[in-house]
Every structure is written in structure tokens, then in C-alpha cells.
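For reference, structure31.txt (compact mmCIF, C-alpha atoms):
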```txt
# COMPACT_ATOMS: atom_id res chain seq x y z
CA MET A 1 -29.48 26.98 -12.64
CA PRO A 2 -26.12 25.17 -12.30
CA PRO A 3 -25.90 22.48 -9.65
CA ALA A 4 -25.79 23.49 -6.04
CA GLY A 5 -22.79 21.23 -5.46
CA VAL A 6 -22.27 17.80 -3.98
CA ALA A 7 -20.36 16.25 -1.15
CA GLY A 8 -19.68 12.75 -0.08
CA ALA A 9 -17.41 9.75 0.24
CA VAL A 10 -17.46 6.00 -0.05
CA PRO A 11 -20.77 4.52 1.15
CA PHE A 12 -19.29 2.54 4.01
CA ASP A 13 -17.19 3.33 7.04
CA LEU A 14 -14.28 0.99 7.66
CA ALA A 15 -11.38 1.70 9.95
CA THR A 16 -8.69 0.72 7.46
CA PRO A 17 -6.10 3.30 6.38
CA ALA A 18 -7.02 2.68 2.73
CA ASP A 19 -10.67 3.67 3.31
CA VAL A 20 -9.76 6.69 5.42
CA ALA A 21 -7.49 7.95 2.64
CA THR A 22 -10.18 7.34 0.00
CA ASN A 23 -12.90 9.13 1.99
CA ARG A 24 -10.71 12.15 2.53
CA LYS A 25 -9.70 12.29 -1.14
CA ASN A 26 -13.33 12.07 -2.27
CA MET A 27 -14.44 14.79 0.14
CA ALA A 28 -11.60 17.07 -0.95
CA LEU A 29 -12.56 16.48 -4.59
CA LEU A 30 -16.24 17.19 -3.96
CA VAL A 31 -15.48 20.37 -2.04
CA GLN A 32 -13.53 21.59 -5.06
CA LEU A 33 -16.46 20.76 -7.33
CA ARG A 34 -18.86 22.65 -5.09
CA TRP A 35 -16.70 25.75 -5.54
CA THR A 36 -17.07 25.19 -9.28
CA ALA A 37 -20.85 25.00 -8.85
CA VAL A 38 -20.91 28.26 -6.87
CA ILE A 39 -18.91 30.04 -9.56
CA GLY A 40 -21.23 28.58 -12.23
CA GLN A 41 -24.30 29.92 -10.44
CA ILE A 42 -22.82 33.40 -10.14
CA VAL A 43 -21.90 33.46 -13.85
CA THR A 44 -25.34 32.16 -14.90
CA ILE A 45 -27.23 34.67 -12.75
CA ALA A 46 -25.13 37.54 -14.10
CA PHE A 47 -25.65 36.35 -17.69
CA VAL A 48 -29.45 36.04 -17.31
CA GLN A 49 -29.84 39.30 -15.39
CA PHE A 50 -27.58 41.65 -17.31
CA TRP A 51 -27.23 40.17 -20.82
CA MET A 52 -30.65 38.58 -21.36
CA GLY A 53 -32.42 41.29 -19.37
CA ILE A 54 -34.49 38.83 -17.31
CA GLN A 55 -35.15 40.24 -13.86
CA LEU A 56 -34.15 37.82 -11.07
CA PRO A 57 -34.55 38.16 -7.27
CA LEU A 58 -30.86 38.80 -6.77
CA LEU A 59 -30.87 39.20 -2.99
CA PRO A 60 -32.57 35.87 -2.13
CA MET A 61 -30.47 34.05 -4.72
CA ALA A 62 -27.32 35.65 -3.29
CA VAL A 63 -28.35 34.41 0.18
CA VAL A 64 -28.55 30.84 -1.17
CA ILE A 65 -25.10 31.19 -2.77
CA CYS A 66 -23.67 32.55 0.50
CA GLY A 67 -25.17 29.56 2.27
CA LEU A 68 -23.38 27.21 -0.16
CA ILE A 69 -20.13 29.10 0.37
CA ALA A 70 -20.50 28.77 4.16
CA LEU A 71 -21.28 25.05 3.75
CA ASN A 72 -18.17 24.62 1.65
CA VAL A 73 -15.97 26.43 4.17
CA VAL A 74 -17.30 24.17 6.93
CA SER A 75 -16.83 21.10 4.72
CA HIS A 76 -13.24 22.10 3.97
CA ALA A 77 -12.42 22.44 7.68
CA TRP A 78 -14.26 19.18 8.36
CA VAL A 79 -12.17 17.31 5.79
CA ARG A 80 -8.96 18.65 7.35
CA TYR A 81 -9.75 17.60 10.91
CA ARG A 82 -12.12 14.66 10.41
CA ALA A 83 -10.57 11.22 9.96
CA ASP A 84 -13.46 9.58 8.13
CA VAL A 85 -16.80 10.15 6.41
CA ASN A 86 -19.85 7.99 7.09
CA ASN A 87 -23.05 7.42 5.15
CA ARG A 88 -25.24 9.57 7.40
CA GLU A 89 -22.99 12.61 7.02
CA LEU A 90 -22.91 12.12 3.27
CA LEU A 91 -26.72 11.96 3.11
CA ILE A 92 -26.97 15.21 5.09
CA ALA A 93 -24.56 16.93 2.68
CA LEU A 94 -26.46 15.77 -0.41
CA THR A 95 -29.77 16.74 1.20
CA LEU A 96 -28.46 20.27 1.74
CA ASP A 97 -27.33 20.38 -1.88
CA VAL A 98 -30.80 19.33 -3.09
CA ALA A 99 -32.37 21.96 -0.81
CA ALA A 100 -30.08 24.67 -2.23
CA LEU A 101 -30.88 23.65 -5.81
CA THR A 102 -34.61 23.62 -4.99
CA ALA A 103 -34.38 27.11 -3.50
CA GLN A 104 -32.65 28.48 -6.60
CA LEU A 105 -35.21 26.82 -8.88
CA TYR A 106 -38.08 28.21 -6.77
CA LEU A 107 -36.68 31.72 -7.25
CA SER A 108 -36.24 31.27 -11.02
CA GLY A 109 -39.35 29.71 -12.51
CA GLY A 110 -39.80 26.44 -10.59
CA ALA A 111 -40.55 23.41 -12.75
CA THR A 112 -40.53 25.64 -15.85
CA ASN A 113 -36.80 26.26 -15.33
CA PRO A 114 -34.90 23.97 -17.75
CA PHE A 115 -32.17 23.41 -15.15
CA THR A 116 -34.46 21.07 -13.20
CA SER A 117 -32.61 18.28 -15.07
CA LEU A 118 -29.74 18.88 -12.63
CA TYR A 119 -31.73 16.95 -10.04
CA LEU A 120 -30.56 13.84 -11.90
CA LEU A 121 -26.97 14.75 -11.06
CA GLN A 122 -27.78 14.68 -7.35
CA VAL A 123 -29.58 11.34 -7.66
CA THR A 124 -26.74 9.76 -9.66
CA LEU A 125 -24.14 10.86 -7.16
CA GLY A 126 -26.31 9.51 -4.37
CA ALA A 127 -26.47 6.14 -6.13
CA VAL A 128 -22.66 6.09 -6.39
CA LEU A 129 -21.86 7.26 -2.88
CA LEU A 130 -24.76 6.21 -0.61
CA ASP A 131 -26.16 2.91 0.55
CA ALA A 132 -29.50 1.75 -0.91
CA PRO A 133 -31.88 3.13 1.80
CA SER A 134 -30.17 6.53 1.78
CA THR A 135 -30.25 6.63 -2.03
CA TRP A 136 -34.00 5.99 -2.08
CA SER A 137 -34.48 8.66 0.58
CA LEU A 138 -32.67 11.12 -1.68
CA VAL A 139 -34.81 10.03 -4.65
CA GLY A 140 -37.95 10.66 -2.57
CA LEU A 141 -36.70 14.12 -1.60
CA VAL A 142 -35.98 15.01 -5.23
CA CYS A 143 -39.44 13.82 -6.36
CA ILE A 144 -41.19 15.78 -3.60
CA SER A 145 -39.15 18.90 -4.40
CA PHE A 146 -39.95 18.71 -8.12
CA ALA A 147 -43.66 18.10 -7.44
CA TRP A 148 -43.73 21.12 -5.12
CA LEU A 149 -42.05 23.29 -7.78
CA THR A 150 -44.77 22.47 -10.30
CA GLY A 151 -47.35 24.41 -8.28
CA ASP A 152 -45.42 26.82 -6.06
CA TYR A 153 -42.64 28.97 -7.48
CA ARG A 154 -41.73 32.52 -8.41
CA PRO A 155 -42.39 32.92 -12.15
CA LEU A 156 -39.84 34.60 -14.41
CA SER A 157 -40.78 37.88 -16.03
CA LEU A 158 -39.54 37.65 -19.63
CA PRO A 159 -39.03 40.92 -21.55
CA GLN A 160 -41.35 41.50 -24.48
CA HIS A 161 -38.61 42.05 -27.03
CA GLY A 162 -36.11 39.44 -28.18
CA PHE A 163 -37.96 36.35 -26.95
CA ALA A 164 -40.74 35.76 -29.42
CA ASP A 165 -40.59 32.02 -28.91
CA ALA A 166 -40.37 31.14 -25.20
CA PHE A 167 -40.40 27.42 -26.06
CA GLN A 168 -37.19 27.73 -28.07
CA LEU A 169 -35.62 29.51 -25.09
CA TYR A 170 -36.70 26.61 -22.85
CA ILE A 171 -35.20 24.07 -25.29
CA ALA A 172 -31.90 25.99 -25.33
CA GLY A 173 -31.84 26.01 -21.53
CA THR A 174 -32.64 22.30 -21.40
CA PHE A 175 -29.76 21.61 -23.80
CA ILE A 176 -27.36 23.54 -21.56
CA GLY A 177 -28.66 21.64 -18.50
CA VAL A 178 -28.17 18.26 -20.18
CA VAL A 179 -24.63 19.19 -21.21
CA LEU A 180 -23.85 20.27 -17.65
CA ASP A 181 -25.31 17.01 -16.34
CA ALA A 182 -23.20 14.92 -18.70
CA VAL A 183 -19.93 16.80 -18.13
CA LEU A 184 -20.22 16.93 -14.34
CA LEU A 185 -21.25 13.28 -14.12
CA VAL A 186 -18.21 12.23 -16.15
CA VAL A 187 -15.94 14.38 -13.94
CA PHE A 188 -17.49 13.10 -10.71
CA VAL A 189 -17.82 9.41 -11.48
CA THR A 190 -14.47 9.09 -13.26
CA ARG A 191 -12.46 10.71 -10.49
CA ILE A 192 -14.38 9.02 -7.67
CA ASN A 193 -13.99 5.62 -9.34
CA ARG A 194 -10.26 6.30 -9.68
CA ASN A 195 -10.11 6.97 -5.95
CA LEU A 196 -12.03 3.77 -5.28
CA ARG A 197 -9.69 1.78 -7.56
CA ASP A 198 -6.70 3.20 -5.65
CA ARG A 199 -8.35 2.16 -2.41
CA ASP A 200 -9.04 -1.35 -3.74
CA ALA A 201 -5.39 -1.65 -4.82
CA ARG A 202 -4.22 -0.63 -1.33
CA LEU A 203 -6.63 -3.10 0.28
CA ALA A 204 -5.39 -5.84 -2.04
CA ALA A 205 -1.81 -5.07 -1.04
CA LEU A 206 -2.77 -5.18 2.64
CA ARG A 207 -4.54 -8.52 2.16
CA HIS A 208 -1.48 -9.86 0.33
CA ASP A 209 0.82 -8.75 3.15
CA ALA A 210 -1.52 -10.27 5.74
CA ALA A 211 -1.56 -13.57 3.84
CA GLU A 212 2.25 -13.56 3.70
CA GLN A 213 2.47 -12.81 7.40
CA ASP A 214 0.06 -15.66 8.14
CA HIS A 215 2.16 -17.94 5.97
CA ILE A 216 5.31 -16.88 7.84
CA VAL A 217 3.65 -17.49 11.21
CA ARG A 218 2.57 -20.99 10.21
CA MET A 219 6.05 -21.75 8.88
CA GLY A 220 7.61 -20.36 12.05
CA LEU A 221 5.41 -22.53 14.25
CA LEU A 222 6.28 -25.58 12.18
CA ALA A 223 10.01 -24.79 12.23
CA SER A 224 9.98 -24.04 15.96
CA GLY A 225 8.23 -27.32 16.71
CA ALA A 226 10.65 -29.24 14.51
CA ALA A 227 13.61 -27.50 16.20
CA HIS A 228 12.35 -28.54 19.63
CA GLU A 229 11.93 -32.13 18.47
CA LEU A 230 15.42 -32.21 16.91
CA GLY A 231 17.13 -30.86 20.02
CA THR A 232 17.12 -34.16 21.95
CA PRO A 233 18.44 -36.48 19.20
CA LEU A 234 21.12 -33.95 18.26
CA ALA A 235 22.27 -33.80 21.89
CA SER A 236 22.38 -37.60 21.98
CA LEU A 237 24.44 -37.74 18.79
CA SER A 238 26.86 -35.18 20.23
CA VAL A 239 27.40 -37.34 23.33
CA ILE A 240 27.87 -40.49 21.24
CA LEU A 241 30.43 -38.82 18.93
CA GLY A 242 32.30 -37.51 21.98
CA ASP A 243 32.45 -41.04 23.41
CA TRP A 244 33.63 -42.46 20.10
CA ARG A 245 36.44 -39.90 19.85
CA ARG A 246 37.82 -41.13 23.20
CA MET A 247 37.75 -44.79 22.16
CA PRO A 248 41.23 -46.17 21.27
CA GLN A 249 40.14 -47.84 18.02
CA PHE A 250 38.89 -44.51 16.66
CA ALA A 251 41.75 -42.41 18.01
CA SER A 252 44.37 -44.71 16.42
CA ASP A 253 42.77 -44.69 12.95
CA PRO A 254 43.38 -41.43 11.00
CA GLU A 255 40.57 -42.11 8.52
CA LEU A 256 38.03 -42.74 11.29
CA SER A 257 39.25 -39.63 13.13
CA GLN A 258 38.74 -37.59 9.94
CA ASP A 259 35.25 -39.02 9.53
CA LEU A 260 34.45 -38.18 13.14
CA SER A 261 35.65 -34.61 12.63
CA GLU A 262 33.41 -34.18 9.59
CA MET A 263 30.46 -35.68 11.47
CA GLU A 264 31.05 -33.33 14.43
CA THR A 265 31.27 -30.36 12.06
CA SER A 266 27.98 -31.33 10.40
CA LEU A 267 26.38 -31.94 13.78
CA GLN A 268 27.53 -28.56 15.02
CA ARG A 269 26.05 -26.96 11.92
CA CYS A 270 22.72 -28.69 12.61
CA LYS A 271 22.77 -27.47 16.22
CA THR A 272 23.56 -23.94 15.02
CA ILE A 273 20.62 -24.06 12.60
CA VAL A 274 18.28 -25.30 15.36
CA THR A 275 19.54 -22.59 17.71
CA GLY A 276 19.00 -19.98 14.99
CA ILE A 277 15.42 -21.14 14.41
CA LEU A 278 14.61 -20.94 18.11
CA LEU A 279 16.31 -17.57 18.48
CA SER A 280 14.29 -16.21 15.55
CA ALA A 281 11.13 -17.54 17.20
CA GLY A 282 12.06 -15.86 20.49
CA GLU A 283 12.87 -19.17 22.19
CA ALA A 284 16.63 -19.01 22.56
CA ARG A 285 18.39 -22.19 23.65
CA GLY A 286 21.72 -20.51 24.24
CA GLU A 287 23.10 -17.00 24.29
CA GLY A 288 21.12 -14.24 22.69
CA SER A 289 22.25 -11.34 20.57
CA ALA A 290 25.50 -9.67 21.61
CA PRO A 291 27.26 -6.36 20.87
CA THR A 292 29.64 -6.50 17.94
CA THR A 293 30.67 -4.39 14.96
CA VAL A 294 29.78 -4.50 11.28
CA THR A 295 33.22 -5.85 10.33
CA ALA A 296 33.30 -8.42 13.15
CA PHE A 297 29.74 -9.57 12.44
CA LEU A 298 30.36 -10.04 8.72
CA SER A 299 33.82 -11.58 9.18
CA ALA A 300 32.49 -14.13 11.68
CA LEU A 301 29.56 -14.85 9.39
CA VAL A 302 31.82 -15.43 6.39
CA GLU A 303 34.19 -17.63 8.42
CA GLU A 304 31.33 -19.77 9.73
CA TRP A 305 29.80 -20.13 6.29
CA ARG A 306 33.16 -21.15 4.77
CA THR A 307 33.72 -23.71 7.55
CA THR A 308 30.35 -25.36 7.13
CA ARG A 309 30.39 -25.24 3.31
CA PRO A 310 33.97 -26.25 2.46
CA SER A 311 33.08 -27.22 -1.11
CA ALA A 312 32.10 -23.63 -2.05
CA THR A 313 34.45 -20.71 -2.68
CA LEU A 314 33.35 -17.44 -1.10
CA TYR A 315 35.20 -14.14 -1.58
CA PHE A 316 34.49 -11.36 0.90
CA ARG A 317 35.13 -7.69 0.05
CA ASN A 318 34.62 -5.24 2.90
CA ALA A 319 34.16 -1.71 1.52
CA PHE A 320 32.04 -0.51 4.45
CA GLY A 321 34.59 2.02 5.65
CA ALA A 322 34.87 3.10 9.29
CA ASP A 323 33.60 0.31 11.52
CA LEU A 324 30.34 0.76 13.42
CA PRO A 325 29.11 -0.88 16.66
CA ILE A 326 25.98 -2.95 16.09
CA VAL A 327 23.98 -5.72 17.75
CA SER A 328 24.35 -9.09 16.07
CA ASP A 329 21.04 -10.34 14.71
CA ILE A 330 20.59 -14.09 14.32
CA ALA A 331 17.68 -13.65 11.90
CA LEU A 332 19.78 -11.41 9.64
CA LYS A 333 22.63 -13.91 9.81
CA GLN A 334 20.33 -16.73 8.71
CA ALA A 335 18.96 -14.53 5.93
CA ILE A 336 22.47 -13.85 4.56
CA PHE A 337 23.28 -17.57 4.86
CA ASN A 338 20.18 -18.28 2.78
CA VAL A 339 21.32 -15.95 -0.01
CA LEU A 340 24.83 -17.44 0.04
CA ASP A 341 23.42 -20.99 0.01
CA ASN A 342 21.28 -20.18 -3.02
CA ALA A 343 24.34 -18.78 -4.81
CA ALA A 344 26.43 -21.83 -3.86
CA GLU A 345 23.91 -24.20 -5.43
CA VAL A 346 24.56 -22.71 -8.88
CA SER A 347 28.09 -21.30 -8.54
CA ARG A 348 30.29 -23.24 -6.12
CA ASP A 349 33.54 -22.04 -7.71
CA TRP A 350 32.91 -18.31 -7.24
CA ILE A 351 30.65 -16.36 -4.89
CA GLU A 352 31.33 -12.82 -3.74
CA LEU A 353 29.89 -10.97 -0.76
CA THR A 354 30.48 -7.21 -0.82
CA ALA A 355 29.69 -4.91 2.11
CA GLU A 356 29.34 -1.19 1.48
CA ARG A 357 27.92 1.84 3.23
CA ASN A 358 25.54 4.21 1.46
CA GLY A 359 24.79 7.04 3.88
CA ASP A 360 22.97 5.45 6.81
CA THR A 361 22.39 2.17 4.96
CA LEU A 362 24.34 -1.08 5.06
CA VAL A 363 24.44 -2.54 1.54
CA LEU A 364 25.25 -6.26 1.14
CA LEU A 365 25.67 -7.54 -2.41
CA VAL A 366 25.91 -11.28 -3.16
CA THR A 367 26.99 -12.13 -6.73
CA ASP A 368 27.60 -15.44 -8.45
CA ARG A 369 28.49 -16.87 -11.85
CA GLY A 370 25.52 -19.16 -12.24
CA PRO A 371 22.81 -19.16 -14.93
CA GLY A 372 20.94 -16.27 -13.30
CA PHE A 373 17.24 -15.90 -12.63
CA SER A 374 14.75 -16.88 -15.30
CA ARG A 375 12.52 -14.21 -16.84
CA GLU A 376 9.49 -15.83 -15.23
CA VAL A 377 10.92 -15.87 -11.70
CA LEU A 378 12.78 -12.53 -11.61
CA PRO A 379 9.67 -10.27 -11.38
CA HIS A 380 8.38 -12.39 -8.47
CA ILE A 381 11.51 -12.54 -6.33
CA GLY A 382 10.54 -12.72 -2.67
CA LYS A 383 7.21 -14.44 -3.23
CA PRO A 384 6.79 -17.97 -1.86
CA TYR A 385 7.29 -21.01 -4.08
CA GLN A 386 8.94 -19.03 -6.89
CA SER A 387 11.88 -21.30 -7.77
CA THR A 388 13.76 -22.54 -10.81
CA LYS A 389 14.95 -25.67 -8.99
CA GLY A 390 11.84 -27.66 -9.83
CA ARG A 391 11.43 -29.32 -6.43
CA PRO A 392 8.25 -29.19 -4.32
CA GLY A 393 8.32 -26.47 -1.68
CA GLY A 394 11.20 -24.64 -3.33
CA GLY A 395 11.50 -20.91 -3.50
CA LEU A 396 11.06 -20.25 0.22
CA GLY A 397 14.67 -19.14 0.80
CA LEU A 398 14.43 -15.70 -0.78
CA PHE A 399 10.86 -15.38 0.50
CA LEU A 400 12.15 -15.65 4.07
CA VAL A 401 15.11 -13.36 3.27
CA VAL A 402 12.80 -10.64 1.93
CA ASN A 403 10.54 -10.81 4.99
CA VAL A 404 13.42 -10.76 7.49
CA VAL A 405 14.99 -7.75 5.79
CA ARG A 406 11.62 -6.03 5.49
CA LYS A 407 11.00 -6.43 9.23
CA LEU A 408 14.36 -4.74 9.82
CA GLY A 409 13.20 -1.82 7.64
CA GLY A 410 15.25 -2.78 4.59
CA VAL A 411 14.65 -3.94 1.03
CA VAL A 412 15.88 -6.81 -1.14
CA THR A 413 16.41 -6.51 -4.89
CA ALA A 414 17.71 -9.00 -7.42
CA HIS A 415 18.89 -8.80 -11.02
CA ASN A 416 20.88 -10.73 -13.57
CA ARG A 417 24.41 -9.52 -14.27
CA ALA A 418 25.37 -8.29 -17.72
CA ASN A 419 27.69 -11.17 -18.63
CA ILE A 420 26.96 -14.14 -16.38
CA GLY A 421 25.39 -14.84 -13.04
CA ALA A 422 23.00 -13.00 -10.75
CA ALA A 423 23.19 -10.46 -7.94
CA VAL A 424 21.05 -10.10 -4.81
CA LYS A 425 21.27 -6.82 -2.89
CA LEU A 426 20.24 -6.39 0.75
CA GLU A 427 19.87 -2.79 1.92
CA LEU A 428 19.47 -2.36 5.69
CA PRO A 429 19.07 0.88 7.66
CA LEU A 430 21.91 1.06 10.17
CA ALA A 431 19.53 2.62 12.69
CA THR A 432 17.94 -0.81 13.25
CA LEU A 433 21.34 -2.45 13.91
CA ALA A 434 23.51 0.25 15.44
CA ILE A 435 24.12 0.56 19.20
CA GLY A 436 23.05 3.98 20.44
CA ASP A 437 23.95 7.06 18.41
CA HIS A 438 26.86 5.74 16.35
CA LEU A 439 25.73 6.61 12.83
CA ASP A 440 28.07 9.57 12.36
CA GLY A 441 31.33 8.76 10.72
```
For this file, produce the structure as C-alpha cells.
Amino acid sequence: MPPAGVAGAVPFDLATPADVATNRKNMALLVQLRWTAVIGQIVTIAFVQFWMGIQLPLLPMAVVICGLIALNVVSHAWVRYRADVNNRELLIALTLDVAALTAQLYLSGGATNPFTSLYLLQVTLGAVLLDAPSTWSLVGLVCISFAWLTGDYRPLSLPQHGFADAFQLYIAGTFIGVVLDAVLLVVFVTRINRNLRDRDARLAALRHDAAEQDHIVRMGLLASGAAHELGTPLASLSVILGDWRRMPQFASDPELSQDLSEMETSLQRCKTIVTGILLSAGEARGEGSAPTTVTAFLSALVEEWRTTRPSATLYFRNAFGADLPIVSDIALKQAIFNVLDNAAEVSRDWIELTAERNGDTLVLLVTDRGPGFSREVLPHIGKPYQSTKGRPGGGLGLFLVVNVVRKLGGVVTAHNRANIGAAVKLELPLATLAIGDHLDG
């Protein structure tokens, strides 16, 4: 007879979303295949009874099929409302399948039925889906069932006409059983392995994200510690420069006054960077985030960047449209500074920052006229230590940008422009920046 059906999932029970999804997919697949097995049994019984003229105990065999249907209905509901599948539950399901197959074989010739080869399908699936002790338990059950069928079964009553050679009939049945074994095994194992490969890919992605997060945490701790250490000497330098500015010999010399102004500007930039690091780490030294608008935030950002990088030329194009109240975010500000700094290193004469609105998304596009990204680096934008600058530790700028934007629910993409230069696009959901319900407009 055709197989009584199978059920199961991965042979271990982990609480990760990837494994939960894989278990549910495997159970849904196996429930579908059990329906196929039920249909196959009905077709086979009808063929043997009405076309071959071999009398079968239809009522008991129908009871077994109804039992499989009930099991499948329960399994379907179980898959819908159950979050996971463990090894014990899988063993129970396969045991019931072996019992159903044994019952059908008992009613149709026992060990003389050529479809006894379908036991191998159950064992193979057990080896794929169960742990080792459960697999051997299933093997023992199959061996005991087959041994019992060799001595206790309901023999088939073959008609006297049309079946002169019963052995040839047995060989034909064995051939059909082997074909069924092969086809169903390919279907089962191929699709289950595909589910397992999908799960492994999701787990690999989760491990990669966890490694990146760990890397960010370690970098954040290092940066926070360095910022704390730099705070005192920067404060001392600020006091010294203030004293120097009040000294007559400095105040009367225009060149020294100019030098002092440049030093104070650079010092203020260093203090701003330190404050930004501590704010990002949740250890604010000064004022925290404040209400502002998209236009005000970007205009102030551009003005500050131009002041602290006077050798670079930045063009700002605001195509956002109607202004929107938001909360200024120091981490986002530092991320945009990072992108602009990278562009300035290769294209000091021309950098453009464009702000646009696409539905409920703020789109920031930074373009330059530099050499662009290399073919080797472009596919790995946002990964640490991917840099064309050739210095140790390079490539962390865009890595930090990608992670800051990702934490805000956005995405970062990069590409080379058609003629010259590169473009980096930051897409941020306004819901993470806006104040209250101000997205309409």
C-alpha cells in the first residue's frame, strides 16, 4: 500500500525565530504530503478492488484511512497554533504513521505485500528528522512490525483467472513500491533540506548581526572612555587660549589673533566631537536633544560642517517641501558628518547634500566628484574595514553610518555616478524623528 504519511520537523528545539520558522514550514510540508498519501491509498485500494478484482476488507481499511485523515486535521490545527515542534512530538507522529502502515499491510497480505518496502521511507525520514536514540527506536519498531507481519496477517484471496503467475504480480508490486519510495524520498529530503538551508542562512545572518553589534559595543566603550579622558585636557586648552586672547602681545598682533581664532575653532570642533560621542553613548556632557525642524536641523548641520571644514565646498539643496517638526538626533548628525567627511577627502571642490521627502521618508543624498567606489568595495559598503584609503583601521566611517541609520529604522545605499563621483543615500522614516503626529502634509 502507499505510505501512511509522515510528519516532523528539525530534530532539535531552539528558541530562535529561524528554527521556529523552519519547524513550522516542515510540518506544513509534511501535512500536505500526508494528504497525498491518503489519496494514494484510496486510489490503490479502488484499483485493486474494482479493476484487479482482488477482494479487500474495505471497512477496516477505510477506518485506518479515516484515522489518518483525523490525524492530519489535528496536525494542521497544531501547526497553526503551536510555535515549535520538538523531537518527542515528531517521534510520536512517525510512530503513528508506522502503525497505520502496519495496519494496512496486515489487512492486505502482511509481509507478502510488496509495499512493505515503504517501511524504508519511514526509517529514512526518521534518520533525517530525529535524533539518534529516537531514530533507533523507530528502526526497532519497524523491525518488530515486519517480523510480526511475517506470521500474522490477513492473506489476500487472488482470483483464479488472470493471475497465472503470482510471483510476477509480486515483482510488479515491488517495482511500484520502490518507485514510490524513490520519488517520495526525493520530494521529502529535497524540500526539507531546502528549509534547513534557509534556516541556516537566517542563523548566519543573525550571527553576523550579533558580531557587528558586539563590534559596535566594543568601539563605543573605547570611544566613550577616550572621550572622558580627552575632556580634561580640552578644558585646560580652552582656558589657556582664553587667557592668551586677553594678553596684550596677542591682542596687538593680527597674525597671532588669527592663529588663536583658528585654534579656538579647532578646539571647539574637538569638544563638539567629544560631546557627540558621549551623547551617542548616553552620557551627555551638555544639553541633550532638542525640538527643531527638518530644515533647521539640516541648515544648522550644513553651517557647522562648513565652519569646521573651510577647505571643502559643500552645496546644500533642500527639496524636502513643507517643513516638519522633529527632534534633533546627535547620532544622526554625526552619521551625516561622516558621509560628508568621506566625500570631502576625495572631492573638496564640490560636494552636494540634497534633502527630499518620499512619502513618510526623509531622503538625504550626498554626491561628490571623486573617483567613486572600487568594484571590490562597493558590494561590501557598510561592513567594517572596507576602505580604499589603504590605512589600518579604515572603512569604519560608513560602517558606523549604516548602523546608526539602521537603528533609526532606515537604510543606506551607495553607488557610483554615471560620469564621475559617487553617491550615498540615507533613507530615514520620519516616524522615528517627527514630534507627535506631524507626518501629514
Please list as an mmCIF file with C-alpha atoms, in the frame of the given file every residue within 12 Å of Gln41 (chain A), counting all atoms listed in the file and excluding residues in the same chain fewer than 4 positions away.
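Final file, selection30.cif:
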```cif
data_model
loop_
_atom_site.group_PDB
_atom_site.id
_atom_site.type_symbol
_atom_site.label_atom_id
_atom_site.label_comp_id
_atom_site.auth_asym_id
_atom_site.auth_seq_id
_atom_site.Cartn_x
_atom_site.Cartn_y
_atom_site.Cartn_z
ATOM 1 C CA MET A 1 -29.480 26.980 -12.640
ATOM 2 C CA PRO A 2 -26.120 25.170 -12.300
ATOM 3 C CA PRO A 3 -25.900 22.480 -9.650
ATOM 4 C CA ALA A 4 -25.790 23.490 -6.040
ATOM 5 C CA GLY A 5 -22.790 21.230 -5.460
ATOM 6 C CA ARG A 34 -18.860 22.650 -5.090
ATOM 7 C CA TRP A 35 -16.700 25.750 -5.540
ATOM 8 C CA THR A 36 -17.070 25.190 -9.280
ATOM 9 C CA ALA A 37 -20.850 25.000 -8.850
ATOM 10 C CA ILE A 45 -27.230 34.670 -12.750
ATOM 11 C CA ALA A 46 -25.130 37.540 -14.100
ATOM 12 C CA PHE A 47 -25.650 36.350 -17.690
ATOM 13 C CA VAL A 48 -29.450 36.040 -17.310
ATOM 14 C CA GLN A 49 -29.840 39.300 -15.390
ATOM 15 C CA LEU A 58 -30.860 38.800 -6.770
ATOM 16 C CA MET A 61 -30.470 34.050 -4.720
ATOM 17 C CA ALA A 62 -27.320 35.650 -3.290
ATOM 18 C CA VAL A 64 -28.550 30.840 -1.170
ATOM 19 C CA ILE A 65 -25.100 31.190 -2.770
ATOM 20 C CA CYS A 66 -23.670 32.550 0.500
ATOM 21 C CA LEU A 68 -23.380 27.210 -0.160
ATOM 22 C CA ILE A 69 -20.130 29.100 0.370
ATOM 23 C CA ALA A 100 -30.080 24.670 -2.230
ATOM 24 C CA LEU A 101 -30.880 23.650 -5.810
ATOM 25 C CA GLN A 104 -32.650 28.480 -6.600
ATOM 26 C CA LEU A 105 -35.210 26.820 -8.880
ATOM 27 C CA PHE A 115 -32.170 23.410 -15.150
#
```
Fill in: Point-to-point distance from CA of Thr95 (chain A) to CA of Ile176 (chain A), Å rounded to tenths
23.9 Å
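Taking CA of Ala77 (chain A) as the reference point, CA of Ile39 (chain A) is found at 19.9 Å.
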Discussion item. Counting all atoms listed in the file, which residues have an atom no more than 12 Å from (-27.1, 17.2, 1.5) in the file's coordinates? Please list them as a PyMOL selection string.
Written reply: chain A and resi 4-8+34+68+71-72+75+87-102+122-123+125-126+130+134-135+137-138+141-142
Worksheet entry | Between CA of Arg417 (chain A) and CA of Asp349 (chain A), distance in Å (one decimal) | 16.8 Å
Item to complete: Determine the nearest neighbour of Ser328 (chain A) from the options A:Ser347, A:Asn193, A:Asn113, A:Ser299, counting all atoms listed in the file.
Response: A:Ser299
Val366 (chain A): which residues within 9 Å, counting all atoms listed in the file, same-chain residues fewer than 2 positions away excluded, as a PDB file with C-alpha atoms, in the frame of the given file?
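Output below, filename around-v1.pdb:
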```
ATOM      1  CA  ILE A 336      22.470 -13.850   4.560  1.00  0.00           C
ATOM      2  CA  VAL A 339      21.320 -15.950  -0.010  1.00  0.00           C
ATOM      3  CA  LEU A 340      24.830 -17.440   0.040  1.00  0.00           C
ATOM      4  CA  ALA A 343      24.340 -18.780  -4.810  1.00  0.00           C
ATOM      5  CA  ILE A 351      30.650 -16.360  -4.890  1.00  0.00           C
ATOM      6  CA  GLU A 352      31.330 -12.820  -3.740  1.00  0.00           C
ATOM      7  CA  LEU A 353      29.890 -10.970  -0.760  1.00  0.00           C
ATOM      8  CA  THR A 354      30.480  -7.210  -0.820  1.00  0.00           C
ATOM      9  CA  LEU A 364      25.250  -6.260   1.140  1.00  0.00           C
ATOM     10  CA  ASP A 368      27.600 -15.440  -8.450  1.00  0.00           C
ATOM     11  CA  ALA A 422      23.000 -13.000 -10.750  1.00  0.00           C
ATOM     12  CA  ALA A 423      23.190 -10.460  -7.940  1.00  0.00           C
ATOM     13  CA  VAL A 424      21.050 -10.100  -4.810  1.00  0.00           C
ATOM     14  CA  LYS A 425      21.270  -6.820  -2.890  1.00  0.00           C
ATOM     15  CA  LEU A 426      20.240  -6.390   0.750  1.00  0.00           C
TER      16      LEU A 426
END
```
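Those DNA, RNA and protein residues that approach the point (26.6, -12.2, 9.0) to within 7 Å, considering only C-alpha atoms, are Phe297, Leu298, Ala300, Leu301, Val302, Leu332, Lys333 and Ile336 of chain A.
Of the listed residues A:Pro60, A:Leu196, A:Glu262, A:Leu256, the one whose atoms come nearest to Pro310 (chain A) is A:Glu262, with distances taken using only C-alpha atoms.
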Fill in: Nearby residues (all atoms listed in the file) at most 12 Å from region 236-252 of chain A, same-chain spacing under 6 positions excluded, as an MDAnalysis selection string
chainID A and resid 230 258:271
